[in-house]
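Okay, work.tsv is below, TSV, C-alpha atoms and all ligand atoms:
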```tsv
chain	number	residue	atom	x	y	z
A	1	MET	CA	23.81	45.80	47.98
A	2	ARG	CA	25.50	43.72	50.63
A	3	PHE	CA	25.34	39.94	50.42
A	4	ALA	CA	25.73	37.19	52.99
A	5	GLN	CA	29.30	35.92	53.10
A	6	ARG	CA	28.40	32.27	53.46
A	7	LEU	CA	28.02	31.91	49.70
A	8	ASP	CA	31.56	33.19	49.17
A	9	ALA	CA	32.88	30.31	51.27
A	10	VAL	CA	31.97	27.73	48.61
A	11	PRO	CA	33.18	27.64	45.01
A	12	PRO	CA	30.61	28.02	42.21
A	13	TYR	CA	28.73	24.74	41.90
A	14	LEU	CA	30.78	22.44	39.68
A	15	PHE	CA	28.03	21.58	37.26
A	16	ALA	CA	26.83	25.16	36.95
A	17	GLU	CA	30.32	25.99	35.60
A	18	LEU	CA	30.30	23.00	33.26
A	19	GLU	CA	26.83	23.85	31.98
A	20	ARG	CA	28.02	27.38	31.22
A	21	LYS	CA	31.02	26.13	29.22
A	22	ILE	CA	28.90	23.61	27.31
A	23	ALA	CA	26.28	26.26	26.48
A	24	GLU	CA	29.02	28.61	25.22
A	25	LYS	CA	30.50	25.97	22.89
A	26	ARG	CA	27.11	24.81	21.63
A	27	ALA	CA	26.11	28.41	20.93
A	28	ALA	CA	29.27	28.63	18.80
A	29	GLY	CA	28.05	25.60	16.79
A	30	VAL	CA	30.40	23.01	18.34
A	31	ASP	CA	29.05	19.44	18.68
A	32	VAL	CA	29.85	18.92	22.36
A	33	ILE	CA	29.62	15.48	23.97
A	34	SER	CA	29.13	15.90	27.70
A	35	LEU	CA	30.35	13.10	29.92
A	36	GLY	CA	30.52	15.65	32.72
A	37	ILE	CA	27.18	15.36	34.45
A	38	GLY	CA	25.50	12.19	35.76
A	39	ASP	CA	22.13	12.99	34.24
A	40	PRO	CA	20.46	9.95	32.62
A	41	ASP	CA	19.66	10.39	28.92
A	42	LEU	CA	16.79	7.87	28.78
A	43	PRO	CA	13.12	8.54	29.67
A	44	THR	CA	11.34	7.97	32.98
A	45	PRO	CA	9.33	4.70	32.93
A	46	GLU	CA	5.80	4.96	31.57
A	47	PRO	CA	3.84	3.98	34.75
A	48	VAL	CA	5.57	6.84	36.56
A	49	VAL	CA	4.71	9.36	33.85
A	50	GLU	CA	1.10	8.10	33.80
A	51	ALA	CA	0.79	8.39	37.57
A	52	LEU	CA	2.03	11.98	37.43
A	53	ALA	CA	-0.32	12.91	34.59
A	54	ALA	CA	-3.32	11.35	36.35
A	55	GLY	CA	-2.27	12.93	39.64
A	56	ALA	CA	-1.91	16.37	38.06
A	57	ARG	CA	-5.50	16.09	36.72
A	58	ASP	CA	-6.86	15.28	40.17
A	59	PRO	CA	-7.66	18.51	42.05
A	60	ALA	CA	-7.06	16.62	45.32
A	61	THR	CA	-3.32	16.99	44.64
A	62	HIS	CA	-3.42	20.74	44.08
A	63	GLN	CA	-3.08	22.01	47.62
A	64	TYR	CA	-0.09	22.14	49.94
A	65	PRO	CA	1.22	18.67	50.60
A	66	THR	CA	2.44	17.81	54.10
A	67	ASN	CA	6.10	17.38	54.95
A	68	HIS	CA	5.21	13.97	56.37
A	69	GLY	CA	4.23	12.71	52.92
A	70	SER	CA	1.14	10.67	52.19
A	71	ASP	CA	0.46	7.33	53.90
A	72	GLU	CA	0.77	5.68	50.47
A	73	PHE	CA	4.20	7.25	49.85
A	74	ARG	CA	5.64	6.16	53.19
A	75	GLN	CA	4.11	2.66	52.90
A	76	ALA	CA	5.49	2.23	49.36
A	77	ALA	CA	8.94	3.29	50.57
A	78	ALA	CA	8.79	0.84	53.49
A	79	ASP	CA	7.60	-1.99	51.19
A	80	PHE	CA	10.40	-1.25	48.73
A	81	TYR	CA	13.06	-1.27	51.47
A	82	GLU	CA	11.70	-4.57	52.77
A	83	ALA	CA	11.61	-6.22	49.32
A	84	ARG	CA	14.90	-4.83	48.00
A	85	PHE	CA	17.08	-4.71	51.13
A	86	GLY	CA	15.26	-6.78	53.75
A	87	VAL	CA	15.10	-3.63	55.91
A	88	GLU	CA	12.02	-3.04	58.08
A	89	LEU	CA	10.92	0.56	58.39
A	90	ASP	CA	8.04	2.01	60.39
A	91	PRO	CA	6.28	4.12	57.75
A	92	GLY	CA	4.85	6.35	60.49
A	93	SER	CA	8.12	7.51	62.05
A	94	GLU	CA	11.07	6.25	60.02
A	95	VAL	CA	10.33	7.54	56.49
A	96	VAL	CA	9.98	11.04	55.07
A	97	PRO	CA	9.91	12.31	51.46
A	98	ALA	CA	12.86	14.37	50.21
A	99	LEU	CA	12.89	16.71	47.22
A	100	GLY	CA	15.77	14.70	45.78
A	101	GLY	CA	18.91	13.55	47.52
A	102	LYS	CA	20.68	16.88	47.12
A	103	GLU	CA	18.06	18.72	49.15
A	104	ALA	CA	18.29	16.05	51.83
A	105	VAL	CA	22.12	16.27	52.03
A	106	GLY	CA	22.07	20.05	52.42
A	107	HIS	CA	19.23	20.15	54.90
A	108	MET	CA	20.59	17.24	56.90
A	109	ALA	CA	23.73	19.33	57.48
A	110	LEU	CA	21.59	22.28	58.62
A	111	ALA	CA	19.51	20.05	60.88
A	112	LEU	CA	22.48	18.33	62.51
A	113	LEU	CA	25.37	20.81	62.64
A	114	ASP	CA	25.95	23.92	64.73
A	115	PRO	CA	28.64	26.54	64.06
A	116	GLY	CA	31.94	25.17	65.36
A	117	ASP	CA	30.91	21.51	64.89
A	118	THR	CA	32.88	19.30	62.57
A	119	CYS	CA	31.49	17.27	59.69
A	120	LEU	CA	33.41	14.28	58.33
A	121	SER	CA	33.09	14.35	54.54
A	122	PRO	CA	34.66	12.11	51.90
A	123	ASP	CA	37.27	13.67	49.62
A	124	PRO	CA	36.71	13.47	46.68
A	125	GLY	CA	33.00	13.72	47.37
A	126	TYR	CA	29.66	14.98	46.15
A	127	PRO	CA	30.03	18.80	46.51
A	128	PRO	CA	27.06	19.32	48.93
A	129	TYR	CA	28.97	17.28	51.57
A	130	THR	CA	31.13	20.41	51.75
A	131	SER	CA	28.66	23.21	51.00
A	132	GLY	CA	25.97	21.86	53.38
A	133	PRO	CA	28.25	21.93	56.46
A	134	VAL	CA	29.81	25.25	55.38
A	135	PHE	CA	26.35	26.86	55.14
A	136	ALA	CA	25.66	25.51	58.65
A	137	GLY	CA	28.80	27.28	59.90
A	138	ALA	CA	30.53	23.98	60.63
A	139	ASP	CA	34.08	22.87	59.80
A	140	VAL	CA	34.64	20.16	57.25
A	141	HIS	CA	37.25	17.51	57.96
A	142	TYR	CA	38.01	15.65	54.75
A	143	LEU	CA	38.43	11.89	54.76
A	144	PRO	CA	40.61	11.07	51.75
A	145	LEU	CA	39.46	8.28	49.43
A	146	ARG	CA	42.55	6.51	48.14
A	147	PRO	CA	42.77	3.80	45.49
A	148	GLU	CA	44.89	1.60	47.79
A	149	HIS	CA	42.06	1.69	50.34
A	150	GLY	CA	39.35	0.82	47.81
A	151	PHE	CA	38.24	4.49	47.80
A	152	LEU	CA	36.81	4.04	51.30
A	153	PRO	CA	37.72	6.51	54.07
A	154	ASP	CA	40.16	5.00	56.57
A	155	LEU	CA	37.92	5.28	59.62
A	156	ASP	CA	40.72	4.18	61.94
A	157	SER	CA	43.01	7.08	61.07
A	158	ILE	CA	40.71	9.98	62.01
A	159	PRO	CA	42.50	11.96	64.76
A	160	ASP	CA	40.89	11.75	68.23
A	161	ASP	CA	40.50	15.52	68.58
A	162	VAL	CA	38.62	15.63	65.26
A	163	LEU	CA	36.36	12.79	66.38
A	164	ARG	CA	35.61	14.65	69.61
A	165	ARG	CA	34.34	17.69	67.66
A	166	ALA	CA	32.62	15.74	64.90
A	167	ASN	CA	28.97	14.86	64.97
A	168	LEU	CA	28.14	14.00	61.38
A	169	LEU	CA	29.70	11.49	58.97
A	170	PHE	CA	28.66	11.44	55.31
A	171	LEU	CA	29.22	8.22	53.36
A	172	ASP	CA	27.99	7.21	49.91
A	173	TYR	CA	28.38	3.73	48.43
A	174	PRO	CA	28.16	3.01	45.54
A	175	ASN	CA	30.33	6.08	45.42
A	176	ASN	CA	30.30	9.29	43.46
A	177	PRO	CA	32.77	10.17	41.96
A	178	THR	CA	34.97	7.07	42.23
A	179	GLY	CA	32.40	4.41	41.29
A	180	ALA	CA	33.69	2.30	44.21
A	181	VAL	CA	31.43	-0.10	46.10
A	182	VAL	CA	31.49	-0.80	49.83
A	183	GLN	CA	33.56	-3.69	51.19
A	184	ASP	CA	32.22	-6.34	53.55
A	185	GLY	CA	32.34	-5.21	57.18
A	186	TYR	CA	32.82	-1.53	56.37
A	187	PHE	CA	29.36	-0.31	57.35
A	188	GLU	CA	29.67	-2.36	60.56
A	189	ARG	CA	32.88	-0.44	61.37
A	190	ALA	CA	31.10	2.86	60.64
A	191	VAL	CA	28.32	1.93	63.09
A	192	GLU	CA	30.91	1.07	65.75
A	193	LEU	CA	32.75	4.36	65.20
A	194	ALA	CA	29.48	6.30	65.36
A	195	ARG	CA	28.45	4.58	68.60
A	196	ALA	CA	31.82	5.18	70.23
A	197	ASN	CA	31.95	8.87	69.24
A	198	ASP	CA	28.32	9.92	69.25
A	199	LEU	CA	28.27	10.56	65.49
A	200	VAL	CA	25.26	10.58	63.20
A	201	VAL	CA	25.92	8.63	60.00
A	202	VAL	CA	24.12	9.92	56.92
A	203	HIS	CA	24.48	7.37	54.17
A	204	ASP	CA	23.64	8.90	50.82
A	205	ASN	CA	22.36	6.08	48.68
A	206	ALA	CA	21.92	7.62	45.25
A	207	TYR	CA	23.29	4.70	43.22
A	208	SER	CA	22.34	1.34	44.78
A	209	GLU	CA	20.03	0.54	41.87
A	210	LEU	CA	22.64	0.86	39.10
A	211	CYS	CA	24.83	-2.23	39.55
A	212	TYR	CA	26.61	-4.53	37.11
A	213	ASP	CA	27.82	-8.11	36.77
A	214	GLY	CA	25.15	-9.42	39.17
A	215	TYR	CA	26.31	-7.17	42.03
A	216	LEU	CA	23.46	-5.71	44.13
A	217	ALA	CA	24.53	-2.87	46.40
A	218	PRO	CA	23.35	-3.04	50.01
A	219	SER	CA	21.55	-0.37	52.01
A	220	PHE	CA	23.46	1.02	55.01
A	221	LEU	CA	20.29	0.25	57.00
A	222	GLU	CA	20.90	-3.50	56.53
A	223	THR	CA	23.80	-3.15	58.97
A	224	PRO	CA	22.95	-4.22	62.53
A	225	GLY	CA	22.62	-1.09	64.69
A	226	ALA	CA	22.52	1.28	61.70
A	227	LYS	CA	19.15	2.68	62.67
A	228	ASP	CA	20.51	3.54	66.13
A	229	VAL	CA	23.13	5.84	64.64
A	230	GLY	CA	21.89	7.12	61.34
A	231	VAL	CA	19.71	7.48	58.30
A	232	GLU	CA	19.88	6.76	54.61
A	233	ILE	CA	19.00	9.15	51.81
A	234	PHE	CA	17.51	7.31	48.84
A	235	SER	CA	16.99	8.89	45.44
A	236	LEU	CA	14.84	7.90	42.48
A	237	SER	CA	16.92	10.12	40.17
A	238	LYS	CA	19.43	7.70	38.70
A	239	GLY	CA	17.70	4.28	38.84
A	240	TRP	CA	14.41	5.50	37.37
A	241	ASN	CA	15.73	8.34	35.15
A	242	MET	CA	13.96	10.92	37.33
A	243	THR	CA	16.56	13.63	37.90
A	244	GLY	CA	14.11	16.38	36.93
A	245	TRP	CA	11.38	15.12	39.23
A	246	ARG	CA	13.13	15.80	42.56
A	247	ALA	CA	12.02	12.57	44.17
A	248	GLY	CA	13.73	10.88	47.08
A	249	LEU	CA	13.30	9.92	50.69
A	250	VAL	CA	15.09	9.75	54.01
A	251	SER	CA	14.65	6.74	56.26
A	252	GLY	CA	16.12	5.22	59.38
A	253	ASN	CA	16.62	6.71	62.85
A	254	ALA	CA	13.27	8.21	63.89
A	255	GLU	CA	14.81	11.13	65.81
A	256	VAL	CA	16.98	12.18	62.86
A	257	VAL	CA	14.01	11.77	60.49
A	258	ASP	CA	11.98	13.98	62.83
A	259	ARG	CA	14.66	16.71	63.07
A	260	TYR	CA	15.02	16.79	59.28
A	261	ARG	CA	11.24	17.01	58.82
A	262	HIS	CA	11.06	19.73	61.49
A	263	LEU	CA	13.63	21.79	59.58
A	264	LYS	CA	11.78	21.29	56.32
A	265	THR	CA	8.42	22.38	57.72
A	266	ASN	CA	10.14	25.75	58.16
A	267	LEU	CA	11.70	25.89	54.69
A	268	ASP	CA	9.60	24.02	52.15
A	269	SER	CA	6.08	22.67	51.95
A	270	GLY	CA	6.80	19.12	50.95
A	271	MET	CA	6.61	17.10	47.74
A	272	PHE	CA	3.82	17.79	45.20
A	273	GLU	CA	1.22	15.11	45.87
A	274	ALA	CA	1.21	14.07	42.18
A	275	VAL	CA	4.99	13.52	42.36
A	276	GLN	CA	4.43	11.46	45.50
A	277	ARG	CA	1.96	9.30	43.56
A	278	ALA	CA	4.46	8.99	40.70
A	279	THR	CA	7.14	7.93	43.19
A	280	VAL	CA	4.79	5.28	44.57
A	281	ALA	CA	4.35	4.01	40.98
A	282	ALA	CA	8.13	3.85	40.55
A	283	LEU	CA	8.63	1.92	43.78
A	284	THR	CA	5.79	-0.52	43.03
A	285	ASP	CA	4.74	-0.85	39.35
A	286	ALA	CA	8.21	0.02	38.02
A	287	ARG	CA	10.19	-1.57	40.87
A	288	ASP	CA	12.38	-3.60	38.51
A	289	PHE	CA	13.02	-0.82	36.00
A	290	PRO	CA	16.52	-0.09	37.39
A	291	ARG	CA	17.58	-3.62	36.42
A	292	GLU	CA	16.85	-2.68	32.77
A	293	MET	CA	18.83	0.52	33.17
A	294	SER	CA	21.69	-1.39	34.77
A	295	ALA	CA	21.84	-3.62	31.67
A	296	VAL	CA	22.08	-0.51	29.47
A	297	TYR	CA	24.88	1.00	31.60
A	298	GLN	CA	26.71	-2.33	31.81
A	299	ARG	CA	26.85	-2.45	28.01
A	300	ARG	CA	28.06	1.16	27.86
A	301	ARG	CA	30.60	0.46	30.61
A	302	ASP	CA	32.10	-2.42	28.62
A	303	LEU	CA	32.19	-0.34	25.48
A	304	LEU	CA	33.86	2.63	27.19
A	305	ALA	CA	36.30	0.46	29.17
A	306	GLU	CA	37.49	-1.18	25.97
A	307	ALA	CA	37.79	2.09	24.08
A	308	LEU	CA	39.66	3.88	26.89
A	309	SER	CA	42.04	0.97	27.50
A	310	ALA	CA	42.76	0.81	23.79
A	311	ILE	CA	44.00	4.41	23.90
A	312	GLY	CA	46.22	3.67	26.86
A	313	LEU	CA	44.15	5.06	29.75
A	314	ASP	CA	44.27	3.07	32.98
A	315	VAL	CA	40.60	2.26	33.60
A	316	GLN	CA	38.93	0.21	36.34
A	317	PRO	CA	35.43	-0.61	35.05
A	318	PRO	CA	32.98	0.23	37.87
A	319	LYS	CA	30.70	-2.42	39.45
A	320	ALA	CA	28.03	0.23	40.07
A	321	THR	CA	27.23	3.90	39.27
A	322	PRO	CA	27.35	5.51	35.81
A	323	TYR	CA	30.91	6.79	36.49
A	324	PHE	CA	34.46	6.00	35.44
A	325	TRP	CA	37.11	7.52	37.70
A	326	VAL	CA	40.13	7.69	35.44
A	327	PRO	CA	43.72	8.61	36.34
A	328	VAL	CA	44.96	11.22	33.85
A	329	PRO	CA	47.89	10.25	31.62
A	330	ASP	CA	51.46	11.17	32.67
A	331	GLY	CA	52.29	14.79	32.02
A	332	TYR	CA	48.77	16.07	32.68
A	333	THR	CA	46.94	17.48	35.67
A	334	SER	CA	43.20	16.94	36.03
A	335	ALA	CA	42.67	20.49	34.77
A	336	SER	CA	45.03	20.32	31.80
A	337	PHE	CA	43.60	16.97	30.68
A	338	SER	CA	40.00	18.24	31.00
A	339	GLU	CA	40.96	21.35	29.07
A	340	LEU	CA	42.63	19.30	26.35
A	341	VAL	CA	39.62	17.11	25.77
A	342	LEU	CA	37.22	20.06	25.92
A	343	GLU	CA	39.18	22.25	23.53
A	344	GLU	CA	40.52	19.59	21.15
A	345	ALA	CA	37.80	16.92	21.32
A	346	ALA	CA	34.72	18.92	22.44
A	347	VAL	CA	34.25	16.27	25.12
A	348	VAL	CA	33.33	17.39	28.62
A	349	VAL	CA	34.73	15.45	31.58
A	350	SER	CA	34.68	16.48	35.25
A	351	PRO	CA	38.11	17.35	36.67
A	352	GLY	CA	38.75	15.38	39.88
A	353	PRO	CA	39.58	18.36	42.15
A	354	SER	CA	36.03	19.69	41.61
A	355	PHE	CA	35.08	16.94	44.06
A	356	GLY	CA	37.81	17.83	46.58
A	357	PRO	CA	41.61	18.11	46.76
A	358	SER	CA	42.20	14.33	46.70
A	359	GLY	CA	40.57	14.24	43.27
A	360	GLU	CA	43.76	15.68	41.71
A	361	GLY	CA	45.14	13.33	39.09
A	362	PHE	CA	41.72	11.98	38.12
A	363	VAL	CA	38.79	12.88	35.90
A	364	ARG	CA	35.25	11.55	36.10
A	365	LEU	CA	33.43	10.34	32.99
A	366	SER	CA	29.68	9.72	33.07
A	367	MET	CA	28.04	7.11	30.84
A	368	THR	CA	24.79	9.01	30.55
A	369	VAL	CA	24.94	9.42	26.76
A	370	PRO	CA	23.95	6.92	24.02
A	371	ASP	CA	26.42	4.19	22.99
A	372	ASP	CA	27.35	5.80	19.66
A	373	ARG	CA	28.18	9.09	21.42
A	374	LEU	CA	30.35	7.26	23.97
A	375	ASP	CA	32.17	5.59	21.13
A	376	GLU	CA	32.61	8.91	19.36
A	377	ALA	CA	33.82	10.57	22.60
A	378	ALA	CA	36.51	7.90	23.10
A	379	ARG	CA	37.60	8.28	19.47
A	380	ARG	CA	37.88	12.05	19.82
A	381	ILE	CA	39.81	11.76	23.11
A	382	GLU	CA	42.27	9.47	21.35
A	383	THR	CA	42.80	12.00	18.55
A	384	SER	CA	43.28	14.86	21.00
A	385	LEU	CA	45.79	12.85	23.05
A	386	ARG	CA	47.78	12.12	19.92
A	387	SER	CA	47.83	15.81	19.05
A	388	GLY	CA	48.78	16.51	22.73
A	389	ILE	CA	48.69	20.23	22.10
A	390	ILE	CA	48.00	21.17	25.71
A	391	THR	CA	50.24	19.70	28.37
A	392	ALA	CA	50.61	20.26	32.08
B	401	LIG	C1	26.23	11.05	45.82
B	401	LIG	C2	25.03	11.77	45.34
B	401	LIG	N1	24.07	12.07	46.20
B	401	LIG	C3	22.96	12.72	45.83
B	401	LIG	C4	22.80	13.10	44.52
B	401	LIG	C5	21.59	13.90	44.19
B	401	LIG	O1	20.60	13.26	43.58
B	401	LIG	P1	19.17	13.90	43.47
B	401	LIG	O2	18.91	14.05	42.03
B	401	LIG	O3	18.28	12.91	44.15
B	401	LIG	O4	19.17	15.22	44.19
B	401	LIG	C6	23.76	12.83	43.58
B	401	LIG	C7	23.60	13.28	42.20
B	401	LIG	O5	24.46	13.24	41.38
B	401	LIG	C8	24.92	12.14	44.00
B	401	LIG	O6	25.90	11.87	43.15
```
Please lay out the structure from this file as structure tokens.
Ligand SMILES: Cc1ncc(COP(=O)(O)O)c(C=O)c1O
Amino acid sequence: MRFAQRLDAVPPYLFAELERKIAEKRAAGVDVISLGIGDPDLPTPEPVVEALAAGARDPATHQYPTNHGSDEFRQAAADFYEARFGVELDPGSEVVPALGGKEAVGHMALALLDPGDTCLSPDPGYPPYTSGPVFAGADVHYLPLRPEHGFLPDLDSIPDDVLRRANLLFLDYPNNPTGAVVQDGYFERAVELARANDLVVVHDNAYSELCYDGYLAPSFLETPGAKDVGVEIFSLSKGWNMTGWRAGLVSGNAEVVDRYRHLKTNLDSGMFEAVQRATVAALTDARDFPREMSAVYQRRRDLLAEALSAIGLDVQPPKATPYFWVPVPDGYTSASFSELVLEEAAVVVSPGPSFGPSGEGFVRLSMTVPDDRLDEAARRIETSLRSGIITA
């Protein structure tokens, strides 16, 4: 057999590797605590589950859905954006369902990039910001996220020749993996840059609903002119504990929405109508559910911040997202620290370089496990650090 080479150009998907290691240890009877994957541990809200169950029993949902999505889905999305962000969307032309944010990221790259084009992707970043462009045959130009710059790409230092070739910029705030939030004026600068260089901005908004200390993350589409240059991907996965449901949407610039939908009509047949109804329930009947989840994560964040500081790790508690982005202690690399805590503490963390080269020196910890397990994980990390058997 001969296989397409494009798959060889990307490393094995980070979480597929982690899942394999976890499964191996668990099969050997080890009590593994995984802080590696941002997959909420708590259930989807009841009105959403009920809407799915009722929808599944209604034969009207059993045929092919359309890639446009139902009128109810697009109206509910527009109403949510208006109520939550003060953003007006035309449900007819500016909203389309996505089978989760990940699908939208990958397909957006295919819809917008030709071979030889350049995509501007944050580093460290969500892995599909690399694999999507690579599958499209495009080059990826990494924009480093540095602590001294608030983990925001320095948009003013992108070389002119790169900007000339680039036609897509991925951004995501609140940010995975760093947990950083956007600073005032930043999205405005991104719109300016996009206008001046004919770039499409795709803002991947997977985490705006998980915010702490009274902070409420904005939508990129709140920025004046944003709809002229880009779209936003919104996901129900994290705020409503719906990672398994594959529910999201793309909204904003009507031409980009149309190109993305055009691509999808050739590749998938849209979102199961019952899942669309469940998504409507989330965005209407369970609209405030993410505030409850934010309270849960805020408590876990405080607990983990205290425990990690107590063992000497330099932690910046995040204002949003379920992630801590932690510099590894002196004497360790991201890999050697991750290996230490996996082998000695049976705790899984994500090594920073899995998100891109600028992730070296960091690990990501996800708070998607119950409080007592977080506590236990911190305790075990402390013990393993004291034993310090594996060093760089
Ligand atoms: C930045 C970012 N975008 C998108 C996603 C994908 O979410 P979904 O479950 O909607 O595909 C994730 C998931 O971790 C993410 O971190």
What residues of the protein or nucleic acid chains come within 9 Å of ligand LIG 401 (chain B) when you use only C-alpha atoms and all ligand atoms? Reply as a PyMOL selection string.
chain A and resi 37-39+98-105+125-129+171-177+204-207+233-238+242-249+321
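Between atom CA of A:Val200 and atom CA of A:Asp228 the interatomic distance comes to 9.0 Å.
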Which polymer residues have any atom within 9 Å of an atom of stretch 13-29 of chain A, counting only C-alpha atoms, with same-chain residues fewer than 5 positions away left out, as a PyMOL selection string?
chain A and resi 34+36-37+127+346+348-350+354-355
Give me, as a short mmCIF file (atom, residue, chain, number, x, y, z; two decimals) with C-alpha atoms, keeping the file's coordinate frame, all polymer residues having an atom no more than 10 Å from A:Asp288, counting only C-alpha atoms and skipping those fewer than 6 positions away in the same chain.
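Result file follows (selection-v1.cif):
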```cif
data_model
loop_
_atom_site.label_atom_id
_atom_site.label_comp_id
_atom_site.auth_asym_id
_atom_site.auth_seq_id
_atom_site.Cartn_x
_atom_site.Cartn_y
_atom_site.Cartn_z
CA ARG A 84 14.90 -4.83 48.00
CA GLU A 209 20.03 0.54 41.87
CA GLY A 239 17.70 4.28 38.84
CA TRP A 240 14.41 5.50 37.37
CA ALA A 282 8.13 3.85 40.55
#
```
Write out as number ranges by chain each polymer residue whose atoms come within 12 Å of A:Val49, counting all atoms listed in the file; drop sequence neighbours fewer than 2 positions from it.
A: 43-47, 51-56, 240-242, 245, 274-282, 285-286
Taking 3 positions as the minimum chain separation for residues in the same chain, which residues sit within 8 Å of A:Asp123 when counting all atoms listed in the file? Answer as a PDB file with C-alpha atoms, in the coordinates of the input.
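This is the output file out-v5.pdb:
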```pdb
ATOM      1  CA  TYR A 142      38.010  15.650  54.750  1.00  0.00           C
ATOM      2  CA  LEU A 143      38.430  11.890  54.760  1.00  0.00           C
ATOM      3  CA  PRO A 144      40.610  11.070  51.750  1.00  0.00           C
ATOM      4  CA  LEU A 145      39.460   8.280  49.430  1.00  0.00           C
ATOM      5  CA  PHE A 355      35.080  16.940  44.060  1.00  0.00           C
ATOM      6  CA  GLY A 356      37.810  17.830  46.580  1.00  0.00           C
ATOM      7  CA  PRO A 357      41.610  18.110  46.760  1.00  0.00           C
ATOM      8  CA  SER A 358      42.200  14.330  46.700  1.00  0.00           C
ATOM      9  CA  GLY A 359      40.570  14.240  43.270  1.00  0.00           C
TER      10      GLY A 359
END
```
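Each of A:Leu113, A:Val181, A:Ala76, A:Val140 was compared to A:Leu216 using only C-alpha atoms, and A:Val181 turns out to be the nearest.
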Scan for residues within 12 Å of the point (13.1, 20.2, 59.5) in the coordinates of the file, using only C-alpha atoms, and reply as number ranges by chain.
A: 67-68, 96-98, 103-104, 106-112, 250, 255-270
Taking only C-alpha atoms into account, name the residue in A:Tyr64, A:Phe73, A:Phe3, A:Phe362 that is nearest to A:Phe337.
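Closest to A:Phe337, using only C-alpha atoms: A:Phe362.
Note that atom CA of A:Tyr297 and atom CA of A:Pro40 are 10.0 Å apart.
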Just how far from atom CA of A:Tyr215 is atom CA of A:Tyr81, in Å to one decimal?
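Going from atom CA of A:Tyr81 over to atom CA of A:Tyr215, I get 17.3 Å.
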